[in-house]
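Colleague: Just work-v3.csv, nothing more (CSV, C-alpha atoms):
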chain,number,residue,atom,x,y,z
E,162,MET,CA,-148.5,12.3,97.9
E,163,ALA,CA,-146.7,9.3,99.4
E,164,ASP,CA,-143.1,8.6,98.6
E,165,LYS,CA,-142.7,5.7,96.2
E,166,ILE,CA,-140.2,2.8,96.9
E,167,PRO,CA,-139.6,-0.4,95.0
E,168,LEU,CA,-141.2,-3.5,96.5
E,169,SER,CA,-137.7,-4.9,96.9
E,170,THR,CA,-137.3,-2.6,99.9
E,171,ILE,CA,-139.5,-4.9,102.0
E,172,ALA,CA,-139.2,-8.3,100.2
E,173,HIS,CA,-137.1,-10.5,97.9
E,174,GLY,CA,-138.3,-13.2,95.5
E,175,ARG,CA,-137.7,-16.1,93.2
E,176,SER,CA,-139.4,-17.3,90.0
E,177,GLY,CA,-139.5,-19.9,87.4
E,178,ASP,CA,-141.5,-21.7,84.8
E,179,LYS,CA,-144.2,-24.3,85.1
E,180,GLY,CA,-144.8,-25.1,81.4
E,181,ASN,CA,-146.6,-22.1,79.9
E,182,HIS,CA,-147.1,-20.6,83.3
E,183,ALA,CA,-144.8,-18.7,85.7
E,184,ASN,CA,-144.4,-19.2,89.4
E,185,VAL,CA,-143.4,-16.0,91.4
E,186,ALA,CA,-142.7,-16.1,95.1
E,187,VAL,CA,-142.4,-12.8,97.0
E,188,ILE,CA,-140.8,-13.2,100.5
E,189,ALA,CA,-141.0,-10.5,103.1
E,190,TYR,CA,-137.9,-9.8,105.2
E,191,ASN,CA,-140.0,-10.1,108.4
E,192,GLU,CA,-143.5,-10.4,109.8
E,193,ALA,CA,-144.3,-6.7,109.5
E,194,GLY,CA,-143.5,-6.8,105.8
E,195,PHE,CA,-145.5,-10.0,105.3
E,196,GLN,CA,-148.6,-8.4,106.9
E,197,TRP,CA,-148.2,-5.5,104.4
E,198,LEU,CA,-147.9,-7.9,101.5
E,199,ARG,CA,-151.0,-9.8,102.6
E,200,ARG,CA,-153.1,-6.6,102.6
E,201,HIS,CA,-151.7,-5.0,99.4
E,202,LEU,CA,-150.1,-7.5,97.0
E,203,THR,CA,-153.2,-9.1,95.7
E,204,ALA,CA,-153.7,-11.4,92.7
E,205,GLU,CA,-155.4,-8.5,91.0
E,206,VAL,CA,-152.5,-6.1,91.5
E,207,VAL,CA,-150.0,-8.7,90.2
E,208,ARG,CA,-152.2,-9.5,87.2
E,209,ALA,CA,-152.4,-5.8,86.3
E,210,TYR,CA,-148.7,-5.4,86.6
E,211,PHE,CA,-148.0,-8.3,84.3
E,212,ALA,CA,-150.9,-7.6,81.9
E,213,PRO,CA,-148.5,-6.7,79.0
E,214,LEU,CA,-147.4,-10.3,79.0
E,215,GLY,CA,-150.9,-11.6,78.3
E,216,VAL,CA,-151.4,-13.2,81.6
E,217,THR,CA,-154.9,-14.8,81.6
E,218,ARG,CA,-155.2,-15.4,85.4
E,219,VAL,CA,-153.3,-15.1,88.6
E,220,GLU,CA,-153.7,-17.2,91.7
E,221,ARG,CA,-152.2,-16.2,95.1
E,222,PHE,CA,-151.1,-18.7,97.8
E,223,GLU,CA,-150.0,-17.7,101.2
E,224,VAL,CA,-147.0,-19.4,102.8
E,225,ALA,CA,-147.1,-17.8,106.2
E,226,ASN,CA,-144.3,-19.8,107.9
E,227,LEU,CA,-141.9,-18.3,105.3
E,228,HIS,CA,-143.5,-14.8,105.3
E,229,ALA,CA,-144.2,-15.4,101.6
E,230,LEU,CA,-146.8,-15.1,98.9
E,231,ASN,CA,-146.7,-17.4,95.9
E,232,PHE,CA,-148.3,-16.3,92.6
E,233,MET,CA,-149.1,-18.5,89.6
E,234,LEU,CA,-149.2,-16.5,86.5
E,235,TYR,CA,-151.2,-18.4,83.9
E,236,ASP,CA,-150.2,-18.2,80.2
E,237,ALA,CA,-147.4,-15.8,81.0
E,238,LEU,CA,-144.6,-17.5,79.0
E,239,ALA,CA,-146.0,-17.4,75.4
E,240,GLY,CA,-145.9,-21.1,75.0
E,241,GLY,CA,-143.2,-22.1,77.5
E,242,ALA,CA,-139.5,-22.8,77.3
E,243,SER,CA,-139.5,-24.9,74.2
E,244,ARG,CA,-142.0,-22.8,72.2
E,245,SER,CA,-141.7,-19.2,73.3
E,246,LEU,CA,-139.7,-16.6,71.4
E,247,ARG,CA,-139.4,-14.3,74.4
E,248,SER,CA,-135.9,-13.6,75.8
E,249,ASP,CA,-137.0,-15.1,79.2
E,250,THR,CA,-138.7,-18.3,78.2
E,251,GLN,CA,-138.6,-19.7,81.8
E,252,GLY,CA,-139.8,-16.7,83.8
E,253,LYS,CA,-136.6,-16.5,85.7
E,254,THR,CA,-136.6,-12.7,85.8
E,255,TYR,CA,-140.3,-12.3,86.7
E,256,ALA,CA,-139.6,-12.0,90.5
E,257,LEU,CA,-137.0,-9.3,89.8
E,258,THR,CA,-139.5,-7.6,87.6
E,259,LEU,CA,-142.2,-7.6,90.3
E,260,LEU,CA,-139.8,-6.5,92.9
E,261,GLN,CA,-139.2,-3.3,90.9
E,262,MET,CA,-142.9,-2.4,91.2
E,263,PRO,CA,-143.3,1.0,92.8
E,264,ILE,CA,-145.3,1.0,96.0
E,265,ASP,CA,-146.3,3.8,98.4
E,266,ALA,CA,-143.8,3.8,101.2
E,267,PRO,CA,-145.6,2.3,104.2
E,268,ALA,CA,-145.7,4.3,107.5
E,269,GLU,CA,-144.0,1.3,109.2
E,270,LEU,CA,-141.3,1.1,106.6
E,271,ASP,CA,-138.4,1.0,109.1
E,272,GLN,CA,-140.0,-2.1,110.7
E,273,MET,CA,-140.2,-3.9,107.3
E,274,ARG,CA,-136.7,-3.4,106.0
E,275,ARG,CA,-134.1,-6.1,105.8
E,276,ARG,CA,-131.9,-6.1,108.8
E,277,SER,CA,-128.1,-6.0,108.4
E,278,SER,CA,-126.2,-8.8,110.1
With the file now loaded, output its structure as structure tokens.
Modeller:
Amino acid sequence: MADKIPLSTIAHGRSGDKGNHANVAVIAYNEAGFQWLRRHLTAEVVRAYFAPLGVTRVERFEVANLHALNFMLYDALAGGASRSLRSDTQGKTYALTLLQMPIDAPAELDQMRRRSS
């Protein structure tokens, strides 16, 4: 069985609200990590991960020049900032939540890690 690591080992992210929808960006630390994200972090995987929130649809957009994938999570905010009773009405923690998702450690993990300066 492969070792599990958090997605944050190979990427960082940012998220926020768009009305009743959440926007989640996952940004790889480098090209090797981006190629892994492109192959493995699909809209279906993200939708399944956020299923408990009642997400109705997930769209994925590639932003190759930033080594990023952007996900739109439809109906994820239970009405949005002014209507929702959730503790995070603006989806600000959704990127951090996704970055905690366990993934199988890729064989090329050392090439994907964030480099220290």
Colleague: Could you check the closest approach to Glu223 of chain E for each of E:Ser176, E:Thr254, E:Gln261, E:Gln196 and tell me which residue wins, using all atoms listed in the file?
Modeller: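 Selected residue with least distance to Glu223 of chain E: E:Gln196.
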Colleague: Given all atoms listed in the file as the basis, pick out the residue of E:Leu227, E:Ala212, E:Ile171, E:Gly177 nearest to Trp197 of chain E.
Modeller: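 Closest to Trp197 of chain E of all the choices is E:Ile171.
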Colleague: For each of E:Ser169, E:Leu259, E:Asp164, E:Gly174, take the minimum atom-to-atom distance to Val207 of chain E, counting all atoms listed in the file, then give the residue where this is smallest.
Modeller: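 Residue with the minimum atom-to-atom distance to Val207 of chain E: E:Leu259.
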Colleague: Have a look at E:Met273, E:Val185, E:Ala193, E:Leu238 and name the one nearest to Glu220 of chain E; count all atoms listed in the file.
Modeller: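 The closest residue to Glu220 of chain E is E:Val185.
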Colleague: Tell me, in Å to one decimal, how far atom CA of Glu205 of chain E is from atom CA of Ala172 of chain E.
Modeller: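 Calculated distance between atom CA of Glu205 of chain E and atom CA of Ala172 of chain E is 18.6 Å.
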Colleague: Counting all atoms listed in the file, what is within 10 Å of Arg275 of chain E, bar same-chain residues fewer than 4 positions away, as number ranges by chain?
Modeller: E: 169-173, 189-191, 194, 271
Colleague: Tell me, in Å to one decimal, how far atom CA of Phe211 of chain E is from atom CA of Ala268 of chain E.
Modeller: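 Atom CA of Phe211 of chain E sits 26.5 Å away from atom CA of Ala268 of chain E.
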Colleague: Calculated over only C-alpha atoms, which of the candidates E:Leu257, E:Ile264, E:Ala183, E:Val224 has the smallest distance to Asp236 of chain E?
Modeller: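 Of the candidates, the smallest distance to Asp236 of chain E is held by E:Ala183.
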Colleague: Using all atoms listed in the file, pick whichever of E:Ala209, E:Met233, E:Arg175, E:Val219 has the shortest atom-to-atom distance to Ile188 of chain E.
Modeller: E:Arg175
Colleague: If I take atom CA of Phe222 of chain E and atom CA of Ala204 of chain E, how far is one from the other in Å, to one decimal?
Modeller: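 These atoms are spaced 9.3 Å apart.
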Colleague: Within 7 Å of (-144.6, -11.3, 98.7), only C-alpha atoms: residues as JSON, numbers by chain?
Modeller: {"E": [172, 186, 187, 188, 189, 195, 198, 202, 229, 230]}
Colleague: Please complete segment 188-208 of chain E so it has N, CA, C and O atoms, and hand it over as a compact mmCIF listing (two decimals), keeping the file's coordinate frame.
Modeller:
# COMPACT_ATOMS: atom_id res chain seq x y z
N ILE E 188 -141.13 -12.86 99.08
CA ILE E 188 -140.80 -13.20 100.50
C ILE E 188 -140.47 -11.99 101.26
O ILE E 188 -139.46 -11.34 100.97
N ALA E 189 -141.28 -11.67 102.24
CA ALA E 189 -141.00 -10.50 103.10
C ALA E 189 -139.80 -10.76 103.97
O ALA E 189 -139.52 -11.90 104.34
N TYR E 190 -139.11 -9.71 104.32
CA TYR E 190 -137.90 -9.80 105.20
C TYR E 190 -138.34 -10.15 106.64
O TYR E 190 -137.53 -10.68 107.40
N ASN E 191 -139.58 -9.83 107.01
CA ASN E 191 -140.00 -10.10 108.40
C ASN E 191 -141.55 -10.07 108.45
O ASN E 191 -142.23 -9.86 107.45
N GLU E 192 -142.08 -10.29 109.63
CA GLU E 192 -143.50 -10.40 109.80
C GLU E 192 -144.25 -9.10 109.46
O GLU E 192 -145.34 -9.13 108.86
N ALA E 193 -143.69 -7.95 109.79
CA ALA E 193 -144.30 -6.70 109.50
C ALA E 193 -144.49 -6.52 107.96
O ALA E 193 -145.55 -6.11 107.46
N GLY E 194 -143.46 -6.87 107.23
CA GLY E 194 -143.50 -6.80 105.80
C GLY E 194 -144.51 -7.81 105.21
O GLY E 194 -145.25 -7.51 104.25
N PHE E 195 -144.57 -8.99 105.80
CA PHE E 195 -145.50 -10.00 105.30
C PHE E 195 -146.96 -9.53 105.52
O PHE E 195 -147.80 -9.72 104.64
N GLN E 196 -147.24 -8.90 106.64
CA GLN E 196 -148.60 -8.40 106.90
C GLN E 196 -148.96 -7.33 105.82
O GLN E 196 -150.09 -7.28 105.34
N TRP E 197 -147.99 -6.50 105.46
CA TRP E 197 -148.20 -5.50 104.40
C TRP E 197 -148.51 -6.21 103.08
O TRP E 197 -149.46 -5.86 102.37
N LEU E 198 -147.69 -7.20 102.74
CA LEU E 198 -147.90 -7.90 101.50
C LEU E 198 -149.28 -8.57 101.45
O LEU E 198 -149.96 -8.52 100.43
N ARG E 199 -149.68 -9.19 102.55
CA ARG E 199 -151.00 -9.80 102.60
C ARG E 199 -152.12 -8.86 102.30
O ARG E 199 -153.10 -9.22 101.64
N ARG E 200 -152.01 -7.64 102.79
CA ARG E 200 -153.10 -6.60 102.60
C ARG E 200 -153.01 -6.01 101.19
O ARG E 200 -154.04 -5.69 100.63
N HIS E 201 -151.82 -5.82 100.64
CA HIS E 201 -151.70 -5.00 99.40
C HIS E 201 -151.30 -5.71 98.16
O HIS E 201 -151.63 -5.22 97.07
N LEU E 202 -150.57 -6.80 98.26
CA LEU E 202 -150.10 -7.50 97.00
C LEU E 202 -151.09 -8.59 96.68
O LEU E 202 -150.88 -9.76 96.97
N THR E 203 -152.18 -8.19 96.06
CA THR E 203 -153.20 -9.10 95.70
C THR E 203 -152.99 -9.74 94.34
O THR E 203 -152.16 -9.25 93.57
N ALA E 204 -153.74 -10.78 94.05
CA ALA E 204 -153.70 -11.40 92.70
C ALA E 204 -154.03 -10.37 91.65
O ALA E 204 -153.43 -10.35 90.56
N GLU E 205 -154.99 -9.51 91.94
CA GLU E 205 -155.40 -8.50 91.00
C GLU E 205 -154.30 -7.49 90.68
O GLU E 205 -154.10 -7.08 89.54
N VAL E 206 -153.58 -7.08 91.71
CA VAL E 206 -152.50 -6.10 91.50
C VAL E 206 -151.38 -6.77 90.68
O VAL E 206 -150.85 -6.15 89.75
N VAL E 207 -151.04 -8.02 90.96
CA VAL E 207 -150.00 -8.70 90.20
C VAL E 207 -150.45 -8.94 88.76
O VAL E 207 -149.68 -8.76 87.82
N ARG E 208 -151.71 -9.30 88.57
CA ARG E 208 -152.20 -9.50 87.20
C ARG E 208 -152.13 -8.20 86.40
O ARG E 208 -151.71 -8.20 85.24
